[in-house]
Amino acid sequence: MAETALARPGRTTRRVRVVTSAVIVTVVALAVLVVPPLAQLDQQAVDLANKLDPPSLAHPFGTDDVGRDLLLRCVYGLRVSLLVGLVAALTATVIGTAIGALAGAFGGWADRIVMRVVDALSSIPHLLLGIFIVAMFRPGVWPVIVSVALTHWISTARIVRSEVLSLRSRPFIDAAVSGGASRTRVIVRHLLPGVLPQAGLAAVLMVPHAMWHESALSFLGLGLPAHQASLGNLVQSARGSLLAGDWWPTLFPGLFLIVPTLALAGLAGAWRDQINPRRKSELML
């Protein structure tokens, strides 16, 4: 009875956290999908007469250093950053799932070679490797997506390989092999479906991580072009305003980055606990 009573506050807190995260993610999705078509406003429109206006009824988030509405710019920036995060996370998950599944299924020298490559890439900081990759292209959305995807498949590959190795020891795999199933059929029909929940969870966990990396690259001037709204570009362009005492050009883009990514991470954490409550830290990226 005492343990049950102590467990209830924890369950209530987790439920509140999940509901709050779901509400935030829903609001964010509606904002990035509905606001730009309905607003019909040019987020690049310059109004030097109203530059660096503080938050007001006309401009709830204020204006930037050339008079552009910050609320609209933040929505467009979140839209771009979320697109980059989703596509990069999906691409990295597909690459990591394929490599991890093949390494775990074939084993032997193929597994050893793949894992040595994974270990070598893991020794290089993600951001440093991402800077090296994106620096070879002109600033744009696709170079950032490629950079993030090529530096974030490693964790997924390790997770999928570990899950495949676990599945290979199950009786139904032995039965399939004894029944004459080829290696390809075993991988496609039995191993891949078994790792899809873990791979899907890794993709969701990777979205906020990819958004942060896109923002970091854009902040360093290596990501999206300076004229294109992204959360990293908005924070980078507001540095001078912050030093001058104008806090809103930095605060609101930062909140648009922090709050949605924490909400996505909260939902992914709840999903992780449902899939595998005994190994809560295994899928942390």
# chains A, B, ... in the order shown; residues from 1 in each chain; ligands from 1
>>> residues_around(residues="Val28 of chain A", least_positions_apart="3", cutoff="10 Å", atoms="only C-alpha atoms", output="PyMOL selection string")
chain A and resi 22-25+31-34+75+78-79+82+256+259-260+263
>>> write_last_selection(atoms="all heavy atoms", output="mmCIF file, in the first residue's frame")
data_model
loop_
_atom_site.group_PDB
_atom_site.id
_atom_site.type_symbol
_atom_site.label_atom_id
_atom_site.label_comp_id
_atom_site.auth_asym_id
_atom_site.auth_seq_id
_atom_site.Cartn_x
_atom_site.Cartn_y
_atom_site.Cartn_z
ATOM 1 N N ALA A 22 2.454 16.788 -25.347
ATOM 2 C CA ALA A 22 1.575 16.555 -26.490
ATOM 3 C C ALA A 22 0.876 17.836 -26.923
ATOM 4 O O ALA A 22 0.731 18.114 -28.125
ATOM 5 C CB ALA A 22 0.548 15.476 -26.150
ATOM 6 N N VAL A 23 0.438 18.634 -25.964
ATOM 7 C CA VAL A 23 -0.225 19.898 -26.290
ATOM 8 C C VAL A 23 0.740 20.843 -27.001
ATOM 9 O O VAL A 23 0.394 21.476 -28.011
ATOM 10 C CB VAL A 23 -0.797 20.555 -25.009
ATOM 11 C CG1 VAL A 23 -1.275 21.974 -25.305
ATOM 12 C CG2 VAL A 23 -1.931 19.719 -24.454
ATOM 13 N N ILE A 24 1.964 20.932 -26.494
ATOM 14 C CA ILE A 24 2.953 21.821 -27.112
ATOM 15 C C ILE A 24 3.272 21.373 -28.529
ATOM 16 O O ILE A 24 3.330 22.193 -29.466
ATOM 17 C CB ILE A 24 4.232 21.859 -26.249
ATOM 18 C CG1 ILE A 24 3.960 22.556 -24.922
ATOM 19 C CG2 ILE A 24 5.355 22.585 -26.991
ATOM 20 C CD1 ILE A 24 5.121 22.500 -23.947
ATOM 21 N N VAL A 25 3.463 20.071 -28.724
ATOM 22 C CA VAL A 25 3.771 19.562 -30.061
ATOM 23 C C VAL A 25 2.601 19.823 -31.008
ATOM 24 O O VAL A 25 2.796 20.200 -32.177
ATOM 25 C CB VAL A 25 4.108 18.063 -29.999
ATOM 26 C CG1 VAL A 25 4.196 17.465 -31.405
ATOM 27 C CG2 VAL A 25 5.421 17.844 -29.255
ATOM 28 N N ALA A 31 0.894 25.598 -35.761
ATOM 29 C CA ALA A 31 1.490 26.900 -36.068
ATOM 30 C C ALA A 31 2.282 26.852 -37.372
ATOM 31 O O ALA A 31 2.127 27.722 -38.236
ATOM 32 C CB ALA A 31 2.384 27.352 -34.918
ATOM 33 N N VAL A 32 3.136 25.840 -37.519
ATOM 34 C CA VAL A 32 3.994 25.794 -38.710
ATOM 35 C C VAL A 32 3.206 25.414 -39.956
ATOM 36 O O VAL A 32 3.620 25.747 -41.080
ATOM 37 C CB VAL A 32 5.165 24.819 -38.502
ATOM 38 C CG1 VAL A 32 6.032 25.260 -37.349
ATOM 39 C CG2 VAL A 32 4.690 23.394 -38.289
ATOM 40 N N LEU A 33 2.064 24.731 -39.788
ATOM 41 C CA LEU A 33 1.269 24.338 -40.942
ATOM 42 C C LEU A 33 0.221 25.372 -41.326
ATOM 43 O O LEU A 33 -0.062 25.569 -42.516
ATOM 44 C CB LEU A 33 0.577 22.995 -40.675
ATOM 45 C CG LEU A 33 1.481 21.763 -40.552
ATOM 46 C CD1 LEU A 33 0.666 20.544 -40.151
ATOM 47 C CD2 LEU A 33 2.220 21.507 -41.856
ATOM 48 N N VAL A 34 -0.352 26.049 -40.336
ATOM 49 C CA VAL A 34 -1.520 26.908 -40.591
ATOM 50 C C VAL A 34 -1.150 28.382 -40.676
ATOM 51 O O VAL A 34 -1.668 29.101 -41.533
ATOM 52 C CB VAL A 34 -2.584 26.689 -39.487
ATOM 53 C CG1 VAL A 34 -3.735 27.663 -39.664
ATOM 54 C CG2 VAL A 34 -3.084 25.256 -39.525
ATOM 55 N N VAL A 75 8.001 31.750 -36.360
ATOM 56 C CA VAL A 75 7.186 30.655 -36.892
ATOM 57 C C VAL A 75 7.833 30.088 -38.156
ATOM 58 O O VAL A 75 7.950 28.863 -38.323
ATOM 59 C CB VAL A 75 5.753 31.130 -37.168
ATOM 60 C CG1 VAL A 75 4.971 30.058 -37.919
ATOM 61 C CG2 VAL A 75 5.042 31.467 -35.868
ATOM 62 N N LEU A 78 11.004 28.217 -37.120
ATOM 63 C CA LEU A 78 10.690 26.914 -36.545
ATOM 64 C C LEU A 78 10.275 25.932 -37.633
ATOM 65 O O LEU A 78 10.619 24.747 -37.583
ATOM 66 C CB LEU A 78 9.580 27.058 -35.510
ATOM 67 C CG LEU A 78 9.108 25.776 -34.836
ATOM 68 C CD1 LEU A 78 10.255 25.093 -34.100
ATOM 69 C CD2 LEU A 78 7.964 26.073 -33.872
ATOM 70 N N ARG A 79 9.566 26.437 -38.625
ATOM 71 C CA ARG A 79 9.136 25.587 -39.742
ATOM 72 C C ARG A 79 10.339 25.001 -40.472
ATOM 73 O O ARG A 79 10.398 23.799 -40.750
ATOM 74 C CB ARG A 79 8.281 26.417 -40.701
ATOM 75 C CG ARG A 79 7.521 25.620 -41.742
ATOM 76 C CD ARG A 79 6.767 26.570 -42.654
ATOM 77 N NE ARG A 79 5.766 25.875 -43.443
ATOM 78 C CZ ARG A 79 5.061 26.443 -44.412
ATOM 79 N NH1 ARG A 79 5.261 27.724 -44.681
ATOM 80 N NH2 ARG A 79 4.175 25.758 -45.088
ATOM 81 N N LEU A 82 12.366 22.619 -38.069
ATOM 82 C CA LEU A 82 11.658 21.358 -37.874
ATOM 83 C C LEU A 82 11.737 20.492 -39.120
ATOM 84 O O LEU A 82 11.892 19.266 -39.026
ATOM 85 C CB LEU A 82 10.202 21.642 -37.507
ATOM 86 C CG LEU A 82 9.358 20.463 -37.025
ATOM 87 C CD1 LEU A 82 9.975 19.828 -35.788
ATOM 88 C CD2 LEU A 82 7.929 20.910 -36.724
ATOM 89 N N PHE A 256 11.548 29.346 -28.908
ATOM 90 C CA PHE A 256 10.977 28.548 -29.993
ATOM 91 C C PHE A 256 11.836 27.322 -30.285
ATOM 92 O O PHE A 256 11.340 26.328 -30.814
ATOM 93 C CB PHE A 256 10.836 29.401 -31.256
ATOM 94 C CG PHE A 256 9.468 29.984 -31.440
ATOM 95 C CD1 PHE A 256 8.975 30.915 -30.545
ATOM 96 C CD2 PHE A 256 8.662 29.602 -32.502
ATOM 97 C CE1 PHE A 256 7.723 31.465 -30.702
ATOM 98 C CE2 PHE A 256 7.406 30.133 -32.666
ATOM 99 C CZ PHE A 256 6.925 31.078 -31.764
ATOM 100 N N VAL A 259 11.610 25.047 -26.215
ATOM 101 C CA VAL A 259 10.340 24.461 -25.772
ATOM 102 C C VAL A 259 9.885 23.316 -26.671
ATOM 103 O O VAL A 259 9.565 22.218 -26.171
ATOM 104 C CB VAL A 259 9.263 25.562 -25.653
ATOM 105 C CG1 VAL A 259 7.903 24.942 -25.333
ATOM 106 C CG2 VAL A 259 9.644 26.571 -24.570
ATOM 107 N N PRO A 260 9.820 23.472 -28.015
ATOM 108 C CA PRO A 260 9.386 22.338 -28.845
ATOM 109 C C PRO A 260 10.312 21.125 -28.759
ATOM 110 O O PRO A 260 9.849 19.985 -28.758
ATOM 111 C CB PRO A 260 9.363 22.919 -30.267
ATOM 112 C CG PRO A 260 9.228 24.379 -30.081
ATOM 113 C CD PRO A 260 9.993 24.687 -28.835
ATOM 114 N N ALA A 263 9.600 19.302 -25.619
ATOM 115 C CA ALA A 263 8.315 18.601 -25.727
ATOM 116 C C ALA A 263 8.474 17.317 -26.539
ATOM 117 O O ALA A 263 7.946 16.258 -26.165
ATOM 118 C CB ALA A 263 7.271 19.519 -26.357
#
>>> closest_atom_pairs(of="segment 145-227 of chain A", to="segment 86-110 of chain A", cutoff="10 Å", atoms="only C-alpha atoms", output="JSON lines")
{"residue": "A:Ile145", "atom": "CA", "partner": "A:Ala88", "partner_atom": "CA", "distance": 4.9}
{"residue": "A:Val146", "atom": "CA", "partner": "A:Ala88", "partner_atom": "CA", "distance": 6.9}
{"residue": "A:Ser147", "atom": "CA", "partner": "A:Ala88", "partner_atom": "CA", "distance": 8.3}
{"residue": "A:Val148", "atom": "CA", "partner": "A:Ala88", "partner_atom": "CA", "distance": 5.9}
{"residue": "A:Ala149", "atom": "CA", "partner": "A:Ala92", "partner_atom": "CA", "distance": 4.5}
{"residue": "A:Leu150", "atom": "CA", "partner": "A:Ala92", "partner_atom": "CA", "distance": 6.5}
{"residue": "A:Thr151", "atom": "CA", "partner": "A:Ala92", "partner_atom": "CA", "distance": 7.9}
{"residue": "A:His152", "atom": "CA", "partner": "A:Ala92", "partner_atom": "CA", "distance": 5.8}
{"residue": "A:Trp153", "atom": "CA", "partner": "A:Ala92", "partner_atom": "CA", "distance": 4.4}
{"residue": "A:Ile154", "atom": "CA", "partner": "A:Gly96", "partner_atom": "CA", "distance": 6.1}
{"residue": "A:Ser155", "atom": "CA", "partner": "A:Gly96", "partner_atom": "CA", "distance": 7.4}
{"residue": "A:Thr156", "atom": "CA", "partner": "A:Gly96", "partner_atom": "CA", "distance": 4.9}
{"residue": "A:Ala157", "atom": "CA", "partner": "A:Gly100", "partner_atom": "CA", "distance": 4.1}
{"residue": "A:Arg158", "atom": "CA", "partner": "A:Gly100", "partner_atom": "CA", "distance": 6.1}
{"residue": "A:Ile159", "atom": "CA", "partner": "A:Gly100", "partner_atom": "CA", "distance": 7.4}
{"residue": "A:Val160", "atom": "CA", "partner": "A:Gly100", "partner_atom": "CA", "distance": 5.1}
{"residue": "A:Arg161", "atom": "CA", "partner": "A:Gly100", "partner_atom": "CA", "distance": 4.3}
{"residue": "A:Ser162", "atom": "CA", "partner": "A:Gly104", "partner_atom": "CA", "distance": 7.1}
{"residue": "A:Glu163", "atom": "CA", "partner": "A:Gly104", "partner_atom": "CA", "distance": 8.2}
{"residue": "A:Val164", "atom": "CA", "partner": "A:Gly104", "partner_atom": "CA", "distance": 5.4}
{"residue": "A:Leu165", "atom": "CA", "partner": "A:Gly104", "partner_atom": "CA", "distance": 5.5}
{"residue": "A:Ser166", "atom": "CA", "partner": "A:Gly104", "partner_atom": "CA", "distance": 9.1}
{"residue": "A:Leu167", "atom": "CA", "partner": "A:Ala105", "partner_atom": "CA", "distance": 9.5}
{"residue": "A:Arg168", "atom": "CA", "partner": "A:Ala105", "partner_atom": "CA", "distance": 7.5}
{"residue": "A:Arg183", "atom": "CA", "partner": "A:Ala105", "partner_atom": "CA", "distance": 8.1}
{"residue": "A:Thr184", "atom": "CA", "partner": "A:Ala105", "partner_atom": "CA", "distance": 9.3}
{"residue": "A:Val186", "atom": "CA", "partner": "A:Ala105", "partner_atom": "CA", "distance": 8.8}
{"residue": "A:Ile187", "atom": "CA", "partner": "A:Ala105", "partner_atom": "CA", "distance": 6.9}
{"residue": "A:Val188", "atom": "CA", "partner": "A:Ala101", "partner_atom": "CA", "distance": 9.8}
{"residue": "A:Leu191", "atom": "CA", "partner": "A:Ala101", "partner_atom": "CA", "distance": 7.7}
{"residue": "A:Leu192", "atom": "CA", "partner": "A:Ala101", "partner_atom": "CA", "distance": 7.2}
{"residue": "A:Val195", "atom": "CA", "partner": "A:Thr97", "partner_atom": "CA", "distance": 8.3}
{"residue": "A:Leu196", "atom": "CA", "partner": "A:Thr97", "partner_atom": "CA", "distance": 8.4}
{"residue": "A:Gln198", "atom": "CA", "partner": "A:Thr97", "partner_atom": "CA", "distance": 9.6}
{"residue": "A:Ala199", "atom": "CA", "partner": "A:Thr93", "partner_atom": "CA", "distance": 6.6}
{"residue": "A:Gly200", "atom": "CA", "partner": "A:Thr93", "partner_atom": "CA", "distance": 7.8}
{"residue": "A:Leu201", "atom": "CA", "partner": "A:Thr93", "partner_atom": "CA", "distance": 9.6}
{"residue": "A:Ala202", "atom": "CA", "partner": "A:Thr93", "partner_atom": "CA", "distance": 7.1}
{"residue": "A:Ala203", "atom": "CA", "partner": "A:Ala89", "partner_atom": "CA", "distance": 5.4}
{"residue": "A:Val204", "atom": "CA", "partner": "A:Ala89", "partner_atom": "CA", "distance": 7.5}
{"residue": "A:Leu205", "atom": "CA", "partner": "A:Ala89", "partner_atom": "CA", "distance": 8.5}
{"residue": "A:Met206", "atom": "CA", "partner": "A:Ala89", "partner_atom": "CA", "distance": 5.5}
{"residue": "A:Val207", "atom": "CA", "partner": "A:Ala89", "partner_atom": "CA", "distance": 5.4}
{"residue": "A:Pro208", "atom": "CA", "partner": "A:Leu86", "partner_atom": "CA", "distance": 8.7}
{"residue": "A:His209", "atom": "CA", "partner": "A:Ala89", "partner_atom": "CA", "distance": 8.6}
{"residue": "A:Ala210", "atom": "CA", "partner": "A:Ala89", "partner_atom": "CA", "distance": 6.6}
{"residue": "A:Met211", "atom": "CA", "partner": "A:Leu86", "partner_atom": "CA", "distance": 8.4}
{"residue": "A:Glu214", "atom": "CA", "partner": "A:Ala88", "partner_atom": "CA", "distance": 9.7}
>>> residues_around(residues="segment 132-135 of chain A", least_positions_apart="3", cutoff="12 Å", atoms="only C-alpha atoms", output="ChimeraX atom specification")
/A:124-129,138-151,213-214,217-218,220-224
>>> write_last_selection(atoms="C-alpha atoms", output="PDB file, in the first residue's frame")
ATOM      1  CA  ILE A 124      34.978  12.506 -33.646  1.00  0.00           C
ATOM      2  CA  PRO A 125      32.638  15.119 -32.121  1.00  0.00           C
ATOM      3  CA  HIS A 126      29.375  15.334 -34.069  1.00  0.00           C
ATOM      4  CA  LEU A 127      29.501  19.091 -34.446  1.00  0.00           C
ATOM      5  CA  LEU A 128      33.107  19.094 -35.661  1.00  0.00           C
ATOM      6  CA  LEU A 129      32.382  16.419 -38.255  1.00  0.00           C
ATOM      7  CA  ARG A 138      27.230  26.250 -50.409  1.00  0.00           C
ATOM      8  CA  PRO A 139      24.918  27.297 -47.545  1.00  0.00           C
ATOM      9  CA  GLY A 140      21.476  25.761 -47.924  1.00  0.00           C
ATOM     10  CA  VAL A 141      18.909  23.378 -46.487  1.00  0.00           C
ATOM     11  CA  TRP A 142      20.141  20.190 -48.136  1.00  0.00           C
ATOM     12  CA  PRO A 143      23.804  20.482 -47.121  1.00  0.00           C
ATOM     13  CA  VAL A 144      22.662  20.870 -43.501  1.00  0.00           C
ATOM     14  CA  ILE A 145      20.367  17.839 -43.801  1.00  0.00           C
ATOM     15  CA  VAL A 146      23.176  15.763 -45.324  1.00  0.00           C
ATOM     16  CA  SER A 147      25.603  16.922 -42.640  1.00  0.00           C
ATOM     17  CA  VAL A 148      23.258  16.085 -39.756  1.00  0.00           C
ATOM     18  CA  ALA A 149      22.195  12.758 -41.261  1.00  0.00           C
ATOM     19  CA  LEU A 150      25.757  11.577 -41.907  1.00  0.00           C
ATOM     20  CA  THR A 151      26.812  12.366 -38.341  1.00  0.00           C
ATOM     21  CA  HIS A 213      22.692  20.857 -34.639  1.00  0.00           C
ATOM     22  CA  GLU A 214      21.048  22.803 -37.457  1.00  0.00           C
ATOM     23  CA  LEU A 217      25.592  25.305 -37.713  1.00  0.00           C
ATOM     24  CA  SER A 218      23.445  28.290 -38.712  1.00  0.00           C
ATOM     25  CA  LEU A 220      28.216  29.629 -36.781  1.00  0.00           C
ATOM     26  CA  GLY A 221      27.344  30.889 -40.267  1.00  0.00           C
ATOM     27  CA  LEU A 222      27.783  27.462 -41.905  1.00  0.00           C
ATOM     28  CA  GLY A 223      24.165  26.375 -42.148  1.00  0.00           C
ATOM     29  CA  LEU A 224      21.313  28.103 -43.901  1.00  0.00           C
TER      30      LEU A 224
END
>>> closest_atom_pairs(of="segment 205-235 of chain A", to="segment 56-73 of chain A", cutoff="9 Å", atoms="only C-alpha atoms", output="Markdown table")
| residue | atom | partner | partner_atom | distance |
| --- | --- | --- | --- | --- |
| A:Ala229 | CA | A:Arg73 | CA | 6.3 |
| A:Ser230 | CA | A:Arg73 | CA | 8.2 |
| A:Leu231 | CA | A:Arg73 | CA | 8.8 |
| A:Leu234 | CA | A:Arg73 | CA | 8.1 |
>>> write_last_selection(atoms="C-alpha atoms", output="short mmCIF file (atom, residue, chain, number, x, y, z; two decimals), in the first residue's frame")
data_model
loop_
_atom_site.label_atom_id
_atom_site.label_comp_id
_atom_site.auth_asym_id
_atom_site.auth_seq_id
_atom_site.Cartn_x
_atom_site.Cartn_y
_atom_site.Cartn_z
CA ALA A 229 14.67 32.37 -41.43
CA SER A 230 15.82 29.57 -39.16
CA LEU A 231 16.07 29.57 -35.40
CA LEU A 234 17.56 34.41 -35.81
#
>>> atom_distance(atom1="atom CA of Thr250 of chain A", atom2="atom CA of Gly232 of chain A")
10.2 Å
>>> closest_residue(among="A:Val27, A:Leu257, A:Ala49, A:Ile113", to="Cys74 of chain A", atoms="only C-alpha atoms")
A:Leu257
>>> closest_residue(among="A:Val114, A:Val18, A:Phe252, A:Thr13", to="Trp271 of chain A", atoms="only C-alpha atoms")
A:Val18
>>> atom_distance(atom1="atom CA of Pro55 of chain A", atom2="atom CA of His227 of chain A")
22.6 Å
>>> select_by_dssp(residues="segment 19-175 of chain A", states="alpha helix (DSSP H)", output="MDAnalysis selection string")
chainID A and resid 19:39 70:106 108:122 126:134 141:168 171:175
